[in-house]
Every structure is written in C-alpha cells, then in structure tokens.
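Everything on this sheet refers to the single structure shown next.
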Amino acid sequence: MSQNITLSLQDIKDLSLSVLTQNGYSPQHAQAITDVIYACQLDDCHSHGLFRLFMCVETMRSGQVDGHATPTLTEPGPAVVKADAHKGISLLALNEAMPKLIEKAKTQGIAALAVNNCFHFSALWPEVEMLSAQGLAGIAMVPSHAWVAPAGGTRGTLGTNPLAFSWPRLGKDPFTFDFATSQFARGEIELYRRAGKQLPEGVAIDKNGNPTTDPTAAMEGAMLTFGGYKGSALSIMIELMAGPLIDDLTSIESMAAANGNTGAPYHGEIIIAMNPEMLSGGQVAVNNDRAERLFADIIDQGARLPSQRRYQARSQNLKRNAVEIPAQLYQDILKLKD
C-alpha cells in the first residue's frame, strides 16, 4: 500500500470545510481557515496545510476558541487599523481588516494592522503576499507559546515567533520569506514525531536542559532559536512588537492563559504595509530593476531565493490539479469528523 494518497485541489477545500464546520466553526470562519490551509497545501507546505486541522479542532474541543466570533474594526489613527477577533481564529478578522490596511498604506505610505484577542495557527506568508499582490511590501509578526529557550537558557520563555516579509516584483512572483525564529517550527517537530524520525542536532533541549534529538522529549522540554544569540534577539523583538506594542500577550502570558489546554496559542499579531510608490518618490519601475539585479546575482551564483521551492510546487500541483499527503494523515483527519 502506498504511503501517500492523492487528493484533488477541490478535495482539499471540501475536506477542510467539512471538518471545520462539523466541529463548531461558522461557515465564515471555516472558509477563512480553509483558504490558508489550501494555499499552504497547494505549495507543499505540509506543516501548515491539512495537518493544521488537528490544532483547529483541538482548540475548539478544549472550549477555548469562539467559532462564531464576529470581528470588530477600529481606526485609532490615519495609518493604524485594529481588528478585535473576540477570541476567534485570527484569519477572519485579518481578512476583514486587510482592505483598510491596504487603503491606508497606499494613501499614507506606511500603515500597521494590529489583530488582537485571537487564536493563531497559520503560516504568515499568505498574509504578506496579500500585500505584495497589491504592490505593497509587507512584514508580519506573531508570538506563540513559551516553547523556546533564549540563547544560553534552559527553559521555554520565547515563542517560535515567526517573521514574514514579502516584496512585490513586477510581472513575477513576489520575494517572500516566512520563518520561525526557532530552529524548527513547532509543527515540524510534531511531524517528525508522527513519522518516528529523530530531530537534527541543535534543535531542542529536554525538560532537564540537555540537548536532545527525540521529538517527544523536545516537546516536553524547549526548542532552540536559530543562529544562537542573533535568533534570540530577533525573537525578543517580535515578542515586543507583537505583544506590548499592540496591547496583547507575550508568549509567556499566552501559555499562562491556556491554563494547561492544548491547541492554538492565544495572542495578537502585527502587520506592517509599505507603499514603494510613495516611499520611492514614484520611482517604482527603476527601483524594481535594481531589486531584480540583486535577485539575479543571487541566483547566478547557484543560490536559491526564499519561496522558489513553494512556487515550483504550486505550479506543479496546479498543473496536475492534485497534491499528495500521507495516507495515515488522511485517515486521521477523517476521524476528526466523528
């Protein structure tokens, strides 16, 4: 029996929507969540694709998330939007606030969106690519739970704290990166555990502060930041930018708020949008050419731009109108309907 099964692209959407609606999410929330799960699965980003349905269902069954919450928007200033998710998953609030953020960035040159009081599970690259699709550069940051030890530390204090950036390219896919400031994303460690594989060295420590390659021991202990002290400093910056700056929780506070429940972390998110047209003084075309020369020099020496793998996977999967996922993962997802 094959270890993988093939799903059509419509199958991905149907499976996600049915699991979410049968587990208490409104059609609006289920659609917002499904759109991001589909985008990630289409690009073979397996740790943030259909696999994330487990976290969405777990968060609902633990009684934490409001699957019918209606977001509210406020505009404290000409370049600021705040979206209160009211304990819903972040994505519906973000979708409703995004047009305002885009409008403000185009008129003011730079604008910020703060999403508050939300549960967050999703990859950030689809969010910043909403901005680059509109000709804007974008940055997004979120904390998570205190799963990550600071450089030189022995216990979790920081979140996995992803940082994403997208740069619009005329006539081409945007330059985008999205990475956790930890060595691995939490979901990647869980995938290693499910597959019975050992982690690489330098990814995590156990509950006693000792290095470990056992994914179960890693999840009971703490993850490590990438780049040692540099990754740790970036992670602290994200704690501040996506926590106190926008009046929301740090990763320590988010973990405390969970009160032992598992599922998606509860906190906030900040997204910053920048308008190259205004900031460059109307010289977008000239400066696009300069950016392209930078990208060309990188590719010419055999290096790869971030997201190139994603775009290649997307093209291939769109052509065949299907993706492959592990057969066991599919069977486990079907059980979520029970």
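Residues in the structure tokens are numbered from 1 in each chain, the chains being A, B, ... in the order shown, and ligands are numbered from 1 in the order shown.
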
(message) Using only C-alpha atoms, which protein or nucleic acid residues come within 10 Å of Arg194 in chain A? Drop anything in the same chain fewer than 4 positions from it, and give the result as JSON, numbers by chain.
(response) {"A": [188, 189, 190, 215, 216, 328, 329]}

Suppose we keep all heavy atoms; can you now write the selection as a PDB file, in the first residue's frame?
```pdb
ATOM      1  N   GLU A 188       6.704  21.258  12.663  1.00  0.00           N
ATOM      2  CA  GLU A 188       7.704  20.370  12.062  1.00  0.00           C
ATOM      3  C   GLU A 188       8.139  19.299  13.051  1.00  0.00           C
ATOM      4  O   GLU A 188       8.330  18.136  12.680  1.00  0.00           O
ATOM      5  CB  GLU A 188       8.915  21.174  11.613  1.00  0.00           C
ATOM      6  CG  GLU A 188       8.690  22.044  10.391  1.00  0.00           C
ATOM      7  CD  GLU A 188       9.946  22.796  10.006  1.00  0.00           C
ATOM      8  OE1 GLU A 188      10.236  23.825  10.634  1.00  0.00           O
ATOM      9  OE2 GLU A 188      10.633  22.348   9.069  1.00  0.00           O
ATOM     10  N   ILE A 189       8.320  19.678  14.311  1.00  0.00           N
ATOM     11  CA  ILE A 189       8.717  18.689  15.325  1.00  0.00           C
ATOM     12  C   ILE A 189       7.619  17.648  15.502  1.00  0.00           C
ATOM     13  O   ILE A 189       7.890  16.449  15.625  1.00  0.00           O
ATOM     14  CB  ILE A 189       9.042  19.391  16.665  1.00  0.00           C
ATOM     15  CG1 ILE A 189      10.306  20.236  16.506  1.00  0.00           C
ATOM     16  CG2 ILE A 189       9.214  18.374  17.787  1.00  0.00           C
ATOM     17  CD1 ILE A 189      10.748  20.957  17.752  1.00  0.00           C
ATOM     18  N   GLU A 190       6.369  18.093  15.457  1.00  0.00           N
ATOM     19  CA  GLU A 190       5.252  17.155  15.571  1.00  0.00           C
ATOM     20  C   GLU A 190       5.232  16.201  14.381  1.00  0.00           C
ATOM     21  O   GLU A 190       4.962  14.996  14.537  1.00  0.00           O
ATOM     22  CB  GLU A 190       3.933  17.923  15.662  1.00  0.00           C
ATOM     23  CG  GLU A 190       2.680  17.055  15.633  1.00  0.00           C
ATOM     24  CD  GLU A 190       2.567  16.067  16.794  1.00  0.00           C
ATOM     25  OE1 GLU A 190       3.298  16.233  17.809  1.00  0.00           O
ATOM     26  OE2 GLU A 190       1.763  15.127  16.685  1.00  0.00           O
ATOM     27  N   PRO A 215      11.940  13.886  19.332  1.00  0.00           N
ATOM     28  CA  PRO A 215      10.891  14.902  19.198  1.00  0.00           C
ATOM     29  C   PRO A 215       9.943  14.952  20.389  1.00  0.00           C
ATOM     30  O   PRO A 215       9.462  16.029  20.757  1.00  0.00           O
ATOM     31  CB  PRO A 215      10.167  14.517  17.907  1.00  0.00           C
ATOM     32  CG  PRO A 215      10.578  13.121  17.609  1.00  0.00           C
ATOM     33  CD  PRO A 215      11.919  12.920  18.214  1.00  0.00           C
ATOM     34  N   THR A 216       9.672  13.816  21.022  1.00  0.00           N
ATOM     35  CA  THR A 216       8.797  13.815  22.198  1.00  0.00           C
ATOM     36  C   THR A 216       9.463  14.540  23.361  1.00  0.00           C
ATOM     37  O   THR A 216       8.844  15.372  24.039  1.00  0.00           O
ATOM     38  CB  THR A 216       8.437  12.376  22.609  1.00  0.00           C
ATOM     39  OG1 THR A 216       7.751  11.735  21.523  1.00  0.00           O
ATOM     40  CG2 THR A 216       7.541  12.375  23.835  1.00  0.00           C
ATOM     41  N   GLN A 328      -1.775   7.969   6.196  1.00  0.00           N
ATOM     42  CA  GLN A 328      -2.161   7.939   7.613  1.00  0.00           C
ATOM     43  C   GLN A 328      -2.706   9.289   8.058  1.00  0.00           C
ATOM     44  O   GLN A 328      -3.655   9.356   8.843  1.00  0.00           O
ATOM     45  CB  GLN A 328      -0.968   7.544   8.478  1.00  0.00           C
ATOM     46  CG  GLN A 328      -1.318   7.330   9.950  1.00  0.00           C
ATOM     47  CD  GLN A 328      -2.376   6.250  10.144  1.00  0.00           C
ATOM     48  OE1 GLN A 328      -2.189   5.113   9.723  1.00  0.00           O
ATOM     49  NE2 GLN A 328      -3.493   6.606  10.776  1.00  0.00           N
ATOM     50  N   LEU A 329      -2.111  10.369   7.551  1.00  0.00           N
ATOM     51  CA  LEU A 329      -2.610  11.704   7.882  1.00  0.00           C
ATOM     52  C   LEU A 329      -4.047  11.858   7.407  1.00  0.00           C
ATOM     53  O   LEU A 329      -4.910  12.376   8.140  1.00  0.00           O
ATOM     54  CB  LEU A 329      -1.727  12.767   7.229  1.00  0.00           C
ATOM     55  CG  LEU A 329      -2.191  14.226   7.368  1.00  0.00           C
ATOM     56  CD1 LEU A 329      -2.205  14.659   8.828  1.00  0.00           C
ATOM     57  CD2 LEU A 329      -1.314  15.155   6.530  1.00  0.00           C
TER      58      LEU A 329
END
```

(message) According to DSSP computed on the backbone, where in range 21-55 of chain A is there alpha helix (DSSP H)? Give the residues as number ranges by chain.
(response) A: 21-22, 27-42, 53-55

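Using only C-alpha atoms for every distance, the candidate list A:Val284, A:Met223, A:Ala217, A:Val81 yields A:Met223 as the residue closest to Arg186 in chain A.
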
(message) Give me, as a list in words, all polymer residues having an atom no more than 12 Å from Gln28 in chain A, counting only C-alpha atoms and skipping those fewer than 4 positions away in the same chain.
(response) Leu17, Leu20, Thr21, Gly24, Ala32, Ile33, Thr34, Asp35, Gly67, His68, Ala69, Thr70, Pro71, Gly88, Ile89, Leu91, Leu92, Ala93, Asn95 and Glu96 of chain A

(request) Do a neighbour search on Ala112 in chain A at 10 Å with only C-alpha atoms, toss out local chain neighbours closer than 2 positions, and write the hits as an MDAnalysis selection string. (result) chainID A and resid 77:82 100:102 104:105 110 114:115 138:140 270:274

Can you tell me which residues surround Ala258 in chain A at a distance of at most 12 Å, considering only C-alpha atoms, apart from same-chain residues fewer than 3 positions away, and format the answer as a short mmCIF file (atom, residue, chain, number, x, y, z; two decimals) with N, CA, C and O atoms, in the first residue's frame?
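The resulting part.cif:
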```cif
data_model
loop_
_atom_site.label_atom_id
_atom_site.label_comp_id
_atom_site.auth_asym_id
_atom_site.auth_seq_id
_atom_site.Cartn_x
_atom_site.Cartn_y
_atom_site.Cartn_z
N THR A 59 -8.39 23.05 19.49
CA THR A 59 -8.67 24.32 20.15
C THR A 59 -10.16 24.49 20.38
O THR A 59 -10.59 25.00 21.42
N SER A 62 -11.43 21.99 23.16
CA SER A 62 -11.00 22.36 24.52
C SER A 62 -11.82 23.52 25.07
O SER A 62 -11.63 23.93 26.23
N GLY A 63 -12.71 24.07 24.26
CA GLY A 63 -13.60 25.13 24.72
C GLY A 63 -12.97 26.51 24.74
O GLY A 63 -13.53 27.43 25.34
N GLN A 64 -11.82 26.69 24.06
CA GLN A 64 -11.14 27.98 24.12
C GLN A 64 -11.63 28.97 23.07
O GLN A 64 -11.90 30.13 23.37
N VAL A 65 -11.72 28.53 21.82
CA VAL A 65 -11.98 29.44 20.72
C VAL A 65 -13.49 29.62 20.50
O VAL A 65 -14.28 28.71 20.74
N PHE A 119 -6.85 33.58 18.36
CA PHE A 119 -6.11 32.33 18.33
C PHE A 119 -5.44 32.23 16.96
O PHE A 119 -6.07 32.49 15.93
N SER A 144 3.87 33.16 20.17
CA SER A 144 3.10 31.91 20.24
C SER A 144 3.01 31.51 21.70
O SER A 144 2.50 32.28 22.52
N HIS A 145 3.45 30.32 22.04
CA HIS A 145 3.58 29.90 23.43
C HIS A 145 5.05 29.83 23.80
O HIS A 145 5.92 29.71 22.92
N ALA A 146 5.35 29.88 25.08
CA ALA A 146 6.75 29.92 25.54
C ALA A 146 7.38 28.53 25.43
O ALA A 146 7.71 27.89 26.43
N LEU A 249 -0.67 39.81 24.29
CA LEU A 249 0.07 38.93 25.17
C LEU A 249 1.45 38.55 24.62
O LEU A 249 1.63 38.39 23.41
N SER A 251 4.46 35.50 24.76
CA SER A 251 4.35 34.04 24.70
C SER A 251 4.19 33.43 26.09
O SER A 251 3.46 32.45 26.26
N ILE A 252 4.87 33.99 27.09
CA ILE A 252 4.70 33.51 28.46
C ILE A 252 3.26 33.72 28.91
O ILE A 252 2.63 32.82 29.49
N GLU A 253 2.71 34.89 28.63
CA GLU A 253 1.34 35.20 29.03
C GLU A 253 0.32 34.37 28.26
O GLU A 253 -0.70 33.95 28.81
N SER A 254 0.61 34.10 27.00
CA SER A 254 -0.27 33.28 26.18
C SER A 254 -0.33 31.86 26.72
O SER A 254 -1.41 31.25 26.81
N MET A 255 0.84 31.31 27.11
CA MET A 255 0.87 29.97 27.67
C MET A 255 0.12 29.91 28.99
O MET A 255 -0.62 28.95 29.27
N ASN A 261 -4.46 23.91 28.67
CA ASN A 261 -5.12 23.41 27.47
C ASN A 261 -4.15 23.41 26.30
O ASN A 261 -3.27 24.28 26.20
N THR A 262 -4.31 22.45 25.42
CA THR A 262 -3.53 22.43 24.20
C THR A 262 -4.34 23.06 23.07
O THR A 262 -5.51 23.36 23.22
N GLY A 263 -3.70 23.27 21.94
CA GLY A 263 -4.38 23.90 20.82
C GLY A 263 -3.62 25.12 20.37
O GLY A 263 -2.45 25.33 20.72
N ALA A 264 -4.27 25.96 19.58
CA ALA A 264 -3.62 27.15 19.05
C ALA A 264 -3.35 28.17 20.15
O ALA A 264 -4.17 28.34 21.05
N PRO A 265 -2.23 28.87 20.10
CA PRO A 265 -1.93 29.91 21.08
C PRO A 265 -2.87 31.10 20.92
O PRO A 265 -3.37 31.40 19.83
N TYR A 266 -3.09 31.80 22.03
CA TYR A 266 -3.96 32.98 22.08
C TYR A 266 -3.10 34.21 22.31
O TYR A 266 -2.41 34.32 23.32
N HIS A 267 -3.13 35.15 21.35
CA HIS A 267 -2.28 36.35 21.44
C HIS A 267 -2.70 37.33 20.37
O HIS A 267 -3.87 37.34 19.96
#
```

(message) Using Å and a single decimal, report how far CA of Met130 in chain A sits from CA of Gly282 in chain A.
(response)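 Result for CA of Gly282 in chain A versus CA of Met130 in chain A: 21.6 Å, one decimal.
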
(message) Please determine, counting only C-alpha atoms, which residue among A:Thr225, A:Tyr311, A:Thr250, A:Thr212 has the shortest atom-to-atom distance to Phe184 in chain A.
(response)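 Of all the options, A:Thr225 lies closest to Phe184 in chain A.
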
(request) Could you give me, as JSON, numbers by chain, the residues within 12 Å of range 291-297 of chain A, counting only C-alpha atoms and dropping anything in the same chain fewer than 2 positions from it? (result) {"A": [167, 168, 169, 170, 171, 172, 173, 174, 175, 276, 284, 285, 286, 287, 288, 289, 299, 300, 301, 302, 303, 304, 305, 306, 308]}

Tell me, as a short mmCIF file (atom, residue, chain, number, x, y, z; two decimals) with C-alpha atoms, in the first residue's frame, which residues lie within 9 Å of Leu336 in chain A, counting only C-alpha atoms; anything in the same chain fewer than 6 positions away does not count.
```cif
data_model
loop_
_atom_site.label_atom_id
_atom_site.label_comp_id
_atom_site.auth_asym_id
_atom_site.auth_seq_id
_atom_site.Cartn_x
_atom_site.Cartn_y
_atom_site.Cartn_z
CA VAL A 19 -14.05 19.06 9.27
CA LEU A 20 -14.24 22.65 10.48
CA GLN A 22 -18.68 19.75 11.82
CA ASN A 23 -16.51 20.84 14.73
CA LEU A 53 -6.86 20.91 11.10
CA PHE A 54 -5.85 18.96 14.21
CA VAL A 57 -10.28 21.06 16.13
#
```

(message) From a backbone DSSP assignment, name each residue in range 22-233 of chain A labelled strand (DSSP E), as an NGL selection string.
(response) :A and (72-77 or 80-89 or 110-119 or 137-141 or 148-149 or 163-169 or 172-179 or 204-205 or 211-212 or 222-224)

(request) State, in Å with one decimal place, the distance from CA of Ser307 in chain A to CA of Val36 in chain A. (result) 16.0 Å

(request) Could you tell me how far CA of Ile5 in chain A lies from CA of Ala322 in chain A, in Å and to one decimal? (result)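 It comes out at 10.1 Å.
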
(message) Considering only C-alpha atoms, can you say which of A:Leu279, A:Gly156, A:Glu220, A:Glu201 comes closest to Ala137 in chain A?
(response) A:Leu279
